[in-house]
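Novice: Okay, so here is start_5.csv, and as you'll see once you scroll down, it has CSV, C-alpha atoms and all ligand atoms.
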chain,number,residue,atom,x,y,z
A,126,MET,CA,-26.9,8.0,5.3
A,127,ASN,CA,-25.2,7.3,8.6
A,128,ALA,CA,-27.2,7.7,11.8
A,129,HIS,CA,-24.0,8.3,13.7
A,130,ALA,CA,-22.7,11.2,11.6
A,131,PRO,CA,-24.9,14.3,11.8
A,132,GLY,CA,-24.4,16.5,8.7
A,133,TYR,CA,-23.2,13.6,6.6
A,134,ARG,CA,-24.9,12.8,3.3
A,135,THR,CA,-23.8,10.7,0.4
A,136,PHE,CA,-22.8,12.9,-2.6
A,137,GLY,CA,-23.9,12.5,-6.2
A,138,PRO,CA,-22.2,14.3,-9.1
A,139,SER,CA,-24.2,17.5,-8.8
A,140,ASP,CA,-23.5,17.7,-5.0
A,141,ALA,CA,-19.8,17.5,-5.7
A,142,CYS,CA,-20.1,20.4,-8.2
A,143,ASP,CA,-22.1,22.5,-5.9
A,144,TYR,CA,-19.7,21.9,-3.0
A,145,LEU,CA,-16.7,23.0,-5.1
A,146,ARG,CA,-18.6,26.1,-6.2
A,147,HIS,CA,-19.5,26.9,-2.6
A,148,LEU,CA,-15.8,26.7,-1.7
A,149,GLY,CA,-15.0,29.1,-4.4
A,150,LEU,CA,-12.8,26.5,-6.2
A,151,PHE,CA,-15.0,27.1,-9.2
A,152,THR,CA,-17.1,30.2,-10.0
A,153,ALA,CA,-20.9,30.1,-9.6
A,154,ASN,CA,-21.7,30.1,-13.3
A,155,GLU,CA,-18.8,28.1,-14.7
A,156,PRO,CA,-20.1,25.0,-16.5
A,157,LEU,CA,-18.8,21.9,-14.8
A,158,GLU,CA,-18.6,18.2,-15.8
A,159,CYS,CA,-18.5,15.6,-13.1
A,160,ASP,CA,-18.0,11.8,-13.3
A,161,GLU,CA,-17.9,9.3,-10.5
A,162,ILE,CA,-14.6,7.5,-11.3
A,163,GLY,CA,-14.0,5.4,-8.1
A,164,ASP,CA,-12.9,1.9,-8.9
A,165,GLY,CA,-11.5,1.1,-5.5
A,166,ASN,CA,-13.1,-1.0,-2.8
A,167,LEU,CA,-14.3,1.6,-0.3
A,168,ASN,CA,-15.1,5.1,-1.5
A,169,LEU,CA,-16.8,7.4,-4.0
A,170,VAL,CA,-14.5,9.5,-6.2
A,171,PHE,CA,-15.8,12.4,-8.3
A,172,ARG,CA,-13.7,14.1,-10.9
A,173,VAL,CA,-15.0,17.7,-11.5
A,174,ARG,CA,-13.8,19.5,-14.6
A,175,GLY,CA,-14.2,23.2,-15.3
A,176,ALA,CA,-12.8,25.4,-18.0
A,177,GLY,CA,-9.2,25.6,-16.8
A,178,LYS,CA,-8.9,23.0,-14.1
A,179,SER,CA,-10.0,19.7,-12.7
A,180,LEU,CA,-10.4,18.5,-9.1
A,181,ILE,CA,-11.1,15.3,-7.2
A,182,VAL,CA,-13.7,15.0,-4.5
A,183,LYS,CA,-13.2,11.7,-2.6
A,184,GLN,CA,-15.9,10.8,-0.2
A,185,ALA,CA,-16.0,7.9,2.3
A,186,LEU,CA,-19.1,5.8,2.4
A,187,PRO,CA,-20.3,4.5,5.8
A,188,TYR,CA,-19.7,1.0,4.6
A,189,ALA,CA,-17.2,-1.0,2.4
A,190,LYS,CA,-18.4,-0.4,-1.2
A,191,VAL,CA,-16.9,-3.7,-2.3
A,192,VAL,CA,-19.0,-5.7,0.1
A,193,GLY,CA,-22.1,-3.6,0.8
A,194,GLU,CA,-24.0,-1.9,3.6
A,195,ASN,CA,-23.6,-5.0,5.9
A,196,TRP,CA,-20.0,-4.1,6.4
A,197,PRO,CA,-20.1,-0.8,8.2
A,198,LEU,CA,-16.9,1.3,8.3
A,199,SER,CA,-16.1,4.5,10.2
A,200,LEU,CA,-16.3,7.7,8.2
A,201,ASP,CA,-13.4,9.0,10.3
A,202,ARG,CA,-11.1,7.3,7.7
A,203,ALA,CA,-11.7,10.3,5.4
A,204,ARG,CA,-10.2,12.6,8.0
A,205,ILE,CA,-7.4,10.2,8.6
A,206,GLU,CA,-6.7,10.0,4.9
A,207,GLY,CA,-6.7,13.8,4.4
A,208,GLU,CA,-4.6,14.4,7.5
A,209,ALA,CA,-2.1,11.7,6.5
A,210,LEU,CA,-1.7,13.4,3.1
A,211,LEU,CA,-1.1,16.7,4.8
A,212,GLU,CA,1.5,15.1,7.1
A,213,ALA,CA,3.3,13.6,4.1
A,214,ALA,CA,3.1,16.9,2.2
A,215,LYS,CA,5.3,18.4,5.0
A,216,VAL,CA,8.2,16.2,4.0
A,217,VAL,CA,7.5,14.9,0.5
A,218,PRO,CA,5.2,17.4,-1.2
A,219,ALA,CA,6.3,16.2,-4.6
A,220,HIS,CA,5.0,12.7,-4.0
A,221,VAL,CA,1.5,13.3,-2.8
A,222,PRO,CA,-1.5,15.1,-4.3
A,223,LYS,CA,-2.2,18.6,-3.1
A,224,VAL,CA,-5.1,18.7,-0.6
A,225,HIS,CA,-7.4,21.7,-1.1
A,226,GLN,CA,-10.1,20.9,1.5
A,227,LEU,CA,-10.7,18.4,4.2
A,228,ASP,CA,-14.2,18.0,5.5
A,229,PRO,CA,-14.5,15.6,8.3
A,230,VAL,CA,-18.3,16.0,8.6
A,231,LEU,CA,-19.0,15.1,5.0
A,232,ALA,CA,-16.1,12.7,5.2
A,233,LEU,CA,-14.5,14.0,2.1
A,234,THR,CA,-11.3,15.4,0.7
A,235,VAL,CA,-10.9,17.8,-2.2
A,236,MET,CA,-7.6,17.2,-3.9
A,237,GLU,CA,-5.5,17.7,-7.0
A,238,ASP,CA,-6.6,15.6,-10.0
A,239,LEU,CA,-3.7,13.4,-11.1
A,240,SER,CA,-5.5,11.8,-14.0
A,241,HIS,CA,-2.7,12.9,-16.4
A,242,LEU,CA,-0.8,10.1,-14.6
A,243,THR,CA,-1.5,6.3,-14.7
A,244,ILE,CA,-2.3,4.1,-11.7
A,245,GLY,CA,0.9,2.2,-10.9
A,246,ARG,CA,-0.7,-1.2,-11.2
A,247,ALA,CA,-2.0,-0.5,-14.7
A,248,ALA,CA,1.4,0.8,-15.8
A,249,LEU,CA,3.1,-2.4,-14.5
A,250,ILE,CA,0.5,-4.6,-16.2
A,251,GLN,CA,1.2,-2.7,-19.5
A,252,GLY,CA,4.9,-3.4,-19.0
A,253,ARG,CA,5.9,0.3,-18.8
A,254,TYR,CA,9.3,1.2,-17.6
A,255,LEU,CA,9.3,3.8,-14.8
A,256,PRO,CA,12.9,4.5,-14.1
A,257,LEU,CA,12.3,6.8,-11.1
A,258,LEU,CA,9.7,4.8,-9.3
A,259,GLY,CA,12.0,2.9,-6.9
A,260,GLY,CA,13.9,6.0,-5.9
A,261,HIS,CA,10.8,8.1,-5.5
A,262,ILE,CA,9.1,5.4,-3.3
A,263,GLY,CA,12.3,4.9,-1.3
A,264,ASP,CA,12.5,8.7,-0.7
A,265,TYR,CA,8.8,8.8,0.2
A,266,LEU,CA,9.2,6.0,2.7
A,267,ALA,CA,12.4,7.4,4.3
A,268,ARG,CA,10.9,10.9,4.7
A,269,THR,CA,7.4,10.0,5.9
A,270,LEU,CA,8.5,7.3,8.3
A,271,TYR,CA,11.5,9.0,9.8
A,272,ALA,CA,9.6,12.3,10.4
A,273,THR,CA,6.9,10.5,12.4
A,274,SER,CA,9.2,8.1,14.3
A,275,HIS,CA,10.8,8.5,17.7
A,276,PHE,CA,14.0,9.4,15.9
A,277,ALA,CA,12.4,12.8,14.9
A,278,LEU,CA,9.7,13.3,17.5
A,279,THR,CA,9.9,13.2,21.3
A,280,PRO,CA,7.8,10.5,22.9
A,281,ARG,CA,5.2,13.1,23.9
A,282,GLU,CA,5.0,14.5,20.3
A,283,ALA,CA,4.8,11.0,18.8
A,284,LYS,CA,2.0,10.0,21.1
A,285,ALA,CA,0.0,13.1,20.3
A,286,LEU,CA,0.4,12.4,16.6
A,287,ALA,CA,-0.4,8.7,17.1
A,288,ALA,CA,-3.6,9.7,18.9
A,289,ARG,CA,-4.9,11.5,15.8
A,290,PHE,CA,-4.4,8.3,13.7
A,291,VAL,CA,-6.1,5.7,15.8
A,292,ASN,CA,-7.8,3.7,13.0
A,293,PRO,CA,-9.5,0.6,14.4
A,294,ASP,CA,-11.9,-0.2,11.5
A,295,LEU,CA,-9.3,0.0,8.8
A,296,CYS,CA,-6.7,-1.8,10.8
A,297,ASN,CA,-9.2,-4.5,11.4
A,298,ILE,CA,-9.7,-5.0,7.7
A,299,THR,CA,-5.9,-5.6,7.4
A,300,GLU,CA,-5.8,-7.8,10.5
A,301,ASP,CA,-8.5,-10.1,9.0
A,302,LEU,CA,-7.9,-9.9,5.3
A,303,VAL,CA,-4.1,-9.8,5.3
A,304,PHE,CA,-3.0,-11.6,8.4
A,305,ILE,CA,-5.6,-14.0,9.6
A,306,ASP,CA,-8.1,-15.2,7.1
A,307,PRO,CA,-5.7,-16.3,4.3
A,308,TYR,CA,-4.0,-18.8,6.8
A,309,PHE,CA,-7.3,-20.6,7.7
A,310,ASP,CA,-10.2,-21.9,5.7
A,311,ARG,CA,-12.4,-18.9,6.2
A,312,PRO,CA,-15.5,-17.7,4.4
A,313,SER,CA,-14.0,-14.4,3.4
A,314,ASN,CA,-11.3,-16.2,1.3
A,315,ASP,CA,-11.7,-16.3,-2.4
A,316,PHE,CA,-9.6,-18.7,-4.4
A,317,PRO,CA,-10.2,-21.3,-7.2
A,318,GLU,CA,-10.9,-24.8,-5.9
A,319,ALA,CA,-8.0,-26.1,-7.9
A,320,LEU,CA,-5.7,-24.2,-5.4
A,321,ARG,CA,-7.2,-26.0,-2.4
A,322,PRO,CA,-4.7,-28.9,-2.1
A,323,THR,CA,-1.8,-26.3,-2.2
A,324,LEU,CA,-3.6,-24.2,0.4
A,325,GLU,CA,-4.2,-27.2,2.6
A,326,ARG,CA,-0.5,-27.8,2.6
A,327,HIS,CA,0.2,-24.2,3.6
A,328,TRP,CA,-2.5,-24.1,6.2
A,329,ALA,CA,-0.9,-27.2,7.8
A,330,ASP,CA,2.5,-25.6,7.8
A,331,GLN,CA,3.1,-24.7,11.5
A,332,ALA,CA,6.4,-22.9,10.8
A,333,LEU,CA,4.6,-20.6,8.4
A,334,LYS,CA,1.8,-19.9,10.8
A,335,ARG,CA,4.3,-19.2,13.6
A,336,GLU,CA,6.0,-16.6,11.5
A,337,VAL,CA,2.7,-15.1,10.3
A,338,ALA,CA,1.6,-14.9,14.0
A,339,GLU,CA,4.8,-12.9,14.8
A,340,LEU,CA,4.3,-10.5,11.8
A,341,THR,CA,0.7,-10.1,12.9
A,342,ARG,CA,1.9,-9.2,16.4
A,343,LEU,CA,4.1,-6.6,14.9
A,344,PHE,CA,1.2,-5.1,13.0
A,345,LEU,CA,-0.9,-5.1,16.2
A,346,CYS,CA,1.7,-3.8,18.6
A,347,GLN,CA,4.7,-2.1,17.0
A,348,GLY,CA,3.6,1.5,16.6
A,349,GLU,CA,6.9,2.9,15.2
A,350,ALA,CA,5.7,5.6,12.8
A,351,LEU,CA,2.7,7.0,10.9
A,352,ILE,CA,2.5,4.5,8.0
A,353,HIS,CA,0.5,4.6,4.9
A,354,GLY,CA,-1.0,1.2,5.7
A,355,ASP,CA,-2.0,0.2,2.1
A,356,LEU,CA,1.0,1.0,-0.1
A,357,HIS,CA,0.2,-1.3,-3.0
A,358,THR,CA,0.7,-0.3,-6.6
A,359,GLY,CA,-2.9,0.7,-6.9
A,360,SER,CA,-2.2,3.4,-4.4
A,361,LEU,CA,0.3,5.1,-6.7
A,362,PHE,CA,-0.1,7.5,-9.7
A,363,VAL,CA,2.9,7.2,-11.9
A,364,SER,CA,4.6,8.4,-15.1
A,365,GLU,CA,8.2,8.2,-16.3
A,366,SER,CA,9.1,11.3,-14.3
A,367,ASP,CA,6.5,11.6,-11.5
A,368,THR,CA,5.3,9.4,-8.6
A,369,ARG,CA,2.4,10.2,-6.3
A,370,VAL,CA,1.2,8.2,-3.3
A,371,ILE,CA,-2.5,8.4,-2.8
A,372,ASP,CA,-5.2,6.7,-0.6
A,373,PRO,CA,-3.6,6.6,2.9
A,374,GLU,CA,-7.0,5.9,4.6
A,375,PHE,CA,-5.4,2.9,6.3
A,376,ALA,CA,-2.8,5.1,8.0
A,377,TYR,CA,-2.0,4.5,11.6
A,378,TYR,CA,1.0,4.2,13.9
A,379,GLY,CA,2.4,0.8,12.9
A,380,PRO,CA,5.5,-1.0,11.8
A,381,MET,CA,7.5,0.9,9.2
A,382,ALA,CA,8.3,-2.2,7.3
A,383,PHE,CA,4.6,-2.8,6.5
A,384,ASP,CA,4.7,0.0,3.9
A,385,ILE,CA,8.0,-1.2,2.4
A,386,GLY,CA,6.8,-4.8,2.3
A,387,ALA,CA,3.5,-3.8,0.6
A,388,PHE,CA,5.3,-2.1,-2.2
A,389,TRP,CA,7.7,-5.0,-2.7
A,390,ALA,CA,4.9,-7.6,-2.7
A,391,ASN,CA,3.2,-5.8,-5.6
A,392,LEU,CA,6.5,-5.7,-7.6
A,393,ILE,CA,6.9,-9.4,-6.9
A,394,LEU,CA,3.4,-10.2,-8.0
A,395,SER,CA,3.9,-8.1,-11.1
A,396,SER,CA,7.1,-10.1,-11.9
A,397,LEU,CA,5.2,-13.4,-11.5
A,398,SER,CA,2.2,-12.2,-13.5
A,399,HIS,CA,4.3,-11.4,-16.6
A,400,ARG,CA,4.4,-15.1,-17.3
A,401,GLY,CA,0.9,-14.6,-18.5
A,402,HIS,CA,0.9,-11.2,-20.2
A,403,GLY,CA,2.4,-12.1,-23.6
A,404,LEU,CA,5.9,-10.6,-23.3
A,405,GLU,CA,8.5,-12.7,-25.2
A,406,ASN,CA,11.3,-14.3,-23.2
A,407,GLU,CA,13.8,-11.6,-23.5
A,408,ALA,CA,11.3,-8.8,-23.0
A,409,ARG,CA,9.9,-10.5,-19.9
A,410,ARG,CA,13.4,-11.0,-18.4
A,411,ALA,CA,14.2,-7.3,-19.2
A,412,TYR,CA,11.0,-6.2,-17.5
A,413,ARG,CA,11.6,-8.3,-14.5
A,414,HIS,CA,15.1,-6.8,-14.3
A,415,PHE,CA,13.4,-3.4,-14.1
A,416,LEU,CA,11.0,-4.6,-11.4
A,417,TYR,CA,14.0,-5.9,-9.3
A,418,ASP,CA,15.9,-2.7,-9.9
A,419,THR,CA,12.9,-0.8,-8.6
A,420,LEU,CA,12.8,-3.0,-5.5
A,421,GLU,CA,16.5,-2.7,-4.9
A,422,THR,CA,16.5,1.1,-5.5
A,423,SER,CA,13.6,1.6,-3.2
A,424,TRP,CA,15.6,0.0,-0.4
A,425,ARG,CA,18.8,1.9,-1.2
A,426,HIS,CA,17.0,5.2,-1.2
A,427,PHE,CA,15.1,4.3,2.0
A,428,GLU,CA,18.4,3.3,3.8
A,429,ARG,CA,20.3,6.3,2.5
A,430,GLY,CA,17.4,8.7,3.4
A,431,MET,CA,17.1,7.2,6.9
A,432,ARG,CA,20.9,7.5,7.5
A,433,GLU,CA,21.0,11.1,6.2
A,434,GLN,CA,18.2,12.2,8.4
A,435,LEU,CA,19.7,10.5,11.4
A,436,ALA,CA,23.0,12.2,10.7
A,437,ALA,CA,21.3,15.6,10.5
A,438,GLY,CA,19.9,15.2,14.0
A,439,SER,CA,17.7,12.9,16.1
A,440,VAL,CA,15.9,13.4,19.4
A,441,ASP,CA,16.6,9.8,20.4
A,442,PRO,CA,19.5,9.9,22.9
A,443,PHE,CA,20.6,6.4,21.7
A,444,ALA,CA,20.5,7.3,18.0
A,445,LYS,CA,24.2,7.5,17.5
A,446,VAL,CA,25.2,4.6,19.7
A,447,GLU,CA,27.5,2.4,17.6
A,448,GLY,CA,25.6,-0.3,15.9
A,449,TYR,CA,22.1,0.7,17.1
A,450,PHE,CA,20.8,2.2,13.9
A,451,ASP,CA,22.4,-0.5,11.8
A,452,ALA,CA,20.5,-3.0,13.8
A,453,GLN,CA,17.2,-1.1,13.2
A,454,LEU,CA,17.9,-1.1,9.4
A,455,GLU,CA,18.6,-4.9,9.5
A,456,ARG,CA,15.3,-5.4,11.4
A,457,TRP,CA,13.3,-3.2,9.0
A,458,PHE,CA,14.8,-5.1,6.1
A,459,SER,CA,13.9,-8.6,7.3
A,460,GLU,CA,10.4,-7.4,8.5
A,461,SER,CA,9.9,-5.8,5.1
A,462,ILE,CA,10.5,-9.2,3.4
A,463,GLY,CA,8.1,-10.9,5.8
A,464,PHE,CA,5.4,-8.3,5.3
A,465,ALA,CA,6.0,-8.6,1.5
A,466,GLY,CA,5.3,-12.3,1.8
A,467,CYS,CA,2.1,-11.7,3.8
A,468,LYS,CA,0.9,-9.1,1.3
A,469,ALA,CA,1.5,-11.4,-1.6
A,470,PHE,CA,-0.1,-14.4,0.0
A,471,ARG,CA,-3.3,-12.5,0.8
A,472,ARG,CA,-3.7,-11.3,-2.8
A,473,ILE,CA,-4.0,-15.0,-3.9
A,474,VAL,CA,-6.2,-16.4,-1.2
A,475,GLY,CA,-8.0,-13.5,0.4
A,476,LEU,CA,-11.0,-11.3,-0.5
A,477,ALA,CA,-9.1,-8.7,-2.5
A,478,HIS,CA,-7.1,-9.9,-5.5
A,479,VAL,CA,-4.8,-8.0,-7.9
A,480,ALA,CA,-5.5,-7.3,-11.5
A,481,ASP,CA,-1.9,-8.2,-12.5
A,482,ILE,CA,-2.8,-11.8,-11.9
A,483,GLU,CA,-6.6,-11.9,-12.4
A,484,SER,CA,-6.1,-10.4,-15.9
A,485,ILE,CA,-4.0,-13.3,-17.1
A,486,GLN,CA,-6.2,-14.8,-19.9
A,487,ASP,CA,-5.0,-18.4,-19.8
A,488,PRO,CA,-6.5,-20.1,-16.8
A,489,ALA,CA,-3.7,-22.7,-16.6
A,490,ILE,CA,-1.0,-20.1,-16.5
A,491,ARG,CA,-3.1,-18.0,-14.0
A,492,LEU,CA,-3.4,-21.0,-11.7
A,493,GLU,CA,0.4,-21.8,-12.0
A,494,VAL,CA,1.2,-18.2,-11.2
A,495,LYS,CA,-1.0,-18.4,-8.1
A,496,GLU,CA,0.7,-21.6,-7.0
A,497,ASP,CA,4.1,-20.1,-7.4
A,498,ALA,CA,3.1,-16.8,-5.7
A,499,LEU,CA,2.0,-18.8,-2.6
A,500,GLU,CA,5.2,-20.8,-2.5
A,501,LEU,CA,7.3,-17.7,-2.9
A,502,ALA,CA,5.3,-15.7,-0.3
A,503,ALA,CA,5.5,-18.6,2.2
A,504,ASN,CA,9.3,-18.7,1.7
A,505,LEU,CA,9.7,-15.0,2.1
A,506,ILE,CA,7.7,-15.1,5.4
A,507,LYS,CA,9.7,-18.1,6.8
A,508,ARG,CA,13.1,-17.1,5.5
A,509,ARG,CA,13.0,-13.4,6.0
A,510,GLY,CA,15.9,-13.3,8.4
A,511,GLU,CA,18.2,-15.2,6.0
A,512,PHE,CA,18.9,-12.5,3.4
A,513,ALA,CA,22.2,-10.8,4.0
A,514,GLY,CA,21.1,-7.7,2.0
A,515,VAL,CA,19.0,-6.5,-0.9
A,516,GLU,CA,21.3,-8.1,-3.4
A,517,ALA,CA,20.7,-11.4,-1.8
A,518,LEU,CA,17.0,-10.9,-1.9
A,519,ARG,CA,17.2,-9.9,-5.5
A,520,ALA,CA,19.2,-13.0,-6.3
A,521,TYR,CA,16.7,-15.1,-4.6
A,522,LEU,CA,13.8,-13.6,-6.5
A,523,GLU,CA,15.7,-14.0,-9.8
A,524,SER,CA,16.3,-17.7,-9.1
A,525,ALA,CA,12.7,-18.3,-7.8
A,526,ILE,CA,11.0,-16.6,-10.8
A,527,ASP,CA,13.1,-17.9,-13.7
A,528,ASP,CA,10.6,-19.0,-16.5
B,1,LIG,C1,-12.6,-4.4,1.9
B,1,LIG,S1,-11.2,-3.6,1.4
B,1,LIG,C2,-10.1,-4.7,0.7
B,1,LIG,C3,-8.8,-4.2,0.4
B,1,LIG,O1,-8.8,-3.0,-0.3
B,1,LIG,C4,-7.8,-2.1,0.2
B,1,LIG,O2,-7.0,-1.6,-0.8
B,1,LIG,C5,-7.0,-2.9,1.2
B,1,LIG,O3,-5.8,-3.5,0.7
B,1,LIG,C6,-8.0,-3.8,1.7
B,1,LIG,O4,-7.5,-4.9,2.4
B,2,MG,MG,-7.2,2.2,-1.4
Please express what this file holds, its structure, as structure tokens.
Specialist:
Amino acid sequence: MNAHAPGYRTFGPSDACDYLRHLGLFTANEPLECDEIGDGNLNLVFRVRGAGKSLIVKQALPYAKVVGENWPLSLDRARIEGEALLEAAKVVPAHVPKVHQLDPVLALTVMEDLSHLTIGRAALIQGRYLPLLGGHIGDYLARTLYATSHFALTPREAKALAARFVNPDLCNITEDLVFIDPYFDRPSNDFPEALRPTLERHWADQALKREVAELTRLFLCQGEALIHGDLHTGSLFVSESDTRVIDPEFAYYGPMAFDIGAFWANLILSSLSHRGHGLENEARRAYRHFLYDTLETSWRHFERGMREQLAAGSVDPFAKVEGYFDAQLERWFSESIGFAGCKAFRRIVGLAHVADIESIQDPAIRLEVKEDALELAANLIKRRGEFAGVEALRAYLESAIDD
């Protein structure tokens, strides 16, 4: 229960069934099966199955599930998530789950069940090839980010939209867990003691901290577009032919490159992690090739999509000034690399880790991968302005991860 939210109550499986019956999404007498399947950090997720269909009821808890009731969190994130999915559906309906109902009082969203697909992170750990993933994510990024930016909206329209997505609690999680805590010896951090000497070196690196401070400032101050805010591979449902982006509860008006960097960080961590997942040399190299193709394709689709939309019309009077949009693309590119570094660094040091690396069975390899991830992440952060283009970034990753 949350004293600040009249009408809110925490659901159990039978509440989820009754709720869907009440909405007429299932008939009154239809036998239903319901399981709580949430494995994320923050919410309850019920899958309700009837004779011919299956739906998801996702409900926010008034605290962070992963930590407990002593970390209260605004229930408004459920409205933000549902509304962000509806905004995305206006421009990329093929890449988000269909929303059937949004209930801000009960802090829940009823949506399409995508369990015929696989969570992106699990697919990458299994070494599955997803030939359309990079293009789909690049398209998703180009469409969602352009549509909510000042290239597509007047300043007044953008401010009205931004006002609906003020998300201080969830932004604060990112501010602390992604940008601040991992660069200091803080109690929320979680790392093996064997990593401490390496971390002490990074913590003493003033150049690294200066660049992280600048990227933090962008996250705090650069409200360019409605971003997903947590676009890691666990926020994707995938198959060989389908890609859906889920979980935009961290959505707010922020730097576009934060979403791009989040996706790239998770591809890079996957690439590093395959040292410990049993693929033979050639198979590992081939799989890394696929991961870098995915990164490169996501950027190419993003860039092409942004240029196409700009050519089709922009409300920004400077949009077609020679060199202006090219400069924006260059900025988004280098910022994406920097944010990728931050998102990779936090997954090694901070509170929330990634299964790609934690599931490596051999502790020595796991530690080695963590050391390498930190080194690579720090370099991406510090050297983000040095890459001439996505081929150069790819070449750097290929040379840095070459075991
Ligand atoms: C307390 S929440 C920890 C992490 O889970 C989410 O997916 C976000 O990445 C957040 O930082
Ligand atoms: Mg999530």
Novice: At what distance in Å, to one decimal, does CA of His353 in chain A lie from CA of Ser366 in chain A?
Specialist: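 Result for CA of Ser366 in chain A versus CA of His353 in chain A: 22.1 Å, one decimal.
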Novice: Give me, as a tab-separated table, the closest atom pair and its distance (Å, one decimal) for every residue of chain A within a cut-off of 7 Å of ligand LIG 1 (chain B), counting all atoms listed in the file, rows sorted by chain and rising number.
Specialist:
residue	atom	partner	partner_atom	distance
A:Asn166	CA	B:LIG1	S1	5.3
A:Leu167	CA	B:LIG1	S1	6.3
A:Ala189	CA	B:LIG1	C1	5.7
A:Val191	CA	B:LIG1	C1	6.1
A:Val192	CA	B:LIG1	C1	6.8
A:Ile298	CA	B:LIG1	O4	5.7
A:Thr299	CA	B:LIG1	O4	5.3
A:Leu302	CA	B:LIG1	O4	5.8
A:Val303	CA	B:LIG1	O4	6.6
A:Asp355	CA	B:LIG1	O3	5.5
A:Leu476	CA	B:LIG1	C2	6.8
A:Ala477	CA	B:LIG1	C2	5.2
Novice: Using only C-alpha atoms, which of the listed residues (A:Ser439, A:Ala332, A:Gly359, A:Ala350) sits closest to Ala503 in chain A?
Specialist: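 Closest residue, counting only C-alpha atoms: A:Ala332.
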Novice: Please give me, as a list in words, the residues lying within 9 Å of ligand MG 2 (chain B) when counting all atoms listed in the file.
Specialist: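 Counting only what the definition allows, namely all atoms listed in the file, the set is Gly165, Asn166, Leu167, Asn168, Asp355, Leu356, His357, Gly359, Ser360, Ile371, Asp372, Pro373, Glu374 and Phe375 of chain A.
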Novice: Can you pull out the residues contacting Arg335 in chain A? Cut-off 10 Å, using all atoms listed in the file, and skip same-chain residues under 6 positions away; I want them as a list in words.
Specialist: Thr341, Ile506 and Lys507 of chain A
Novice: Could you give me, as an MDAnalysis selection string, the residues within 10 Å of Leu150 in chain A, counting all atoms listed in the file and dropping anything in the same chain fewer than 3 positions from it?
Specialist: chainID A and resid 142 144:147 153 175 178:180 225:226 235
Novice: Suppose you want the space between CA of Leu324 in chain A and CA of Glu483 in chain A; what is it in Å?
Specialist: 18.0 Å
Novice: Skipping near chain neighbours, those fewer than 6 positions away, what residues fall within 9 Å of Gly252 in chain A using all atoms listed in the file, listed as number ranges by chain?
Specialist: A: 399, 402, 404, 409, 412
Novice: Using Å and a single decimal, report how far CA of Val479 in chain A sits from CA of Leu333 in chain A.
Specialist: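 Result for CA of Leu333 in chain A versus CA of Val479 in chain A: 22.6 Å, one decimal.
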Novice: When distances are computed from only C-alpha atoms, which of A:Asp140, A:Lys190, A:Leu286, A:Glu158 shows the smallest separation from Ala176 in chain A?
Specialist: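 Smallest separation from Ala176 in chain A among the options: A:Glu158.
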Novice: Using all atoms listed in the file, pick whichever of A:Arg204, A:Arg508, A:His327, A:Arg429 has the shortest atom-to-atom distance to Asp264 in chain A.
Specialist: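 Looking at the shortest contact to Asp264 in chain A, the residue is A:Arg429.
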Novice: Ile352 in chain A: which residues within 7 Å, counting only C-alpha atoms, same-chain residues fewer than 4 positions away excluded, as a list in words?
Specialist: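 Neighbouring residues, sequence-local ones excluded: Leu270, Ala376, Tyr377, Tyr378, Gly379, Met381 and Asp384 of chain A.
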Novice: Could you pull the residues within 12 Å of Ala288 in chain A, counting all atoms listed in the file, minus those fewer than 3 positions along the same chain, as a short mmCIF file (atom, residue, chain, number, x, y, z; two decimals) with C-alpha atoms, keeping the file's coordinate frame?
Specialist:
data_model
loop_
_atom_site.label_atom_id
_atom_site.label_comp_id
_atom_site.auth_asym_id
_atom_site.auth_seq_id
_atom_site.Cartn_x
_atom_site.Cartn_y
_atom_site.Cartn_z
CA ILE A 205 -7.40 10.20 8.60
CA ARG A 281 5.20 13.10 23.90
CA GLU A 282 5.00 14.50 20.30
CA ALA A 283 4.80 11.00 18.80
CA LYS A 284 2.00 10.00 21.10
CA ALA A 285 0.00 13.10 20.30
CA VAL A 291 -6.10 5.70 15.80
CA ASN A 292 -7.80 3.70 13.00
CA PRO A 293 -9.50 0.60 14.40
CA GLY A 348 3.60 1.50 16.60
CA ALA A 350 5.70 5.60 12.80
CA LEU A 351 2.70 7.00 10.90
CA ALA A 376 -2.80 5.10 8.00
CA TYR A 377 -2.00 4.50 11.60
CA TYR A 378 1.00 4.20 13.90
#
Novice: Which is closer to Arg369 in chain A than all the others in A:Asn195, A:Thr419, A:Ser240, A:Thr323, using only C-alpha atoms?
Specialist: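 The closest residue to Arg369 in chain A is A:Ser240.
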Novice: Please determine, counting all atoms listed in the file, which residue among A:Thr279, A:Phe470, A:Leu320, A:Ala185 has the shortest atom-to-atom distance to Gly163 in chain A.
Specialist: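 For Gly163 in chain A, the nearest of the candidates is A:Ala185.
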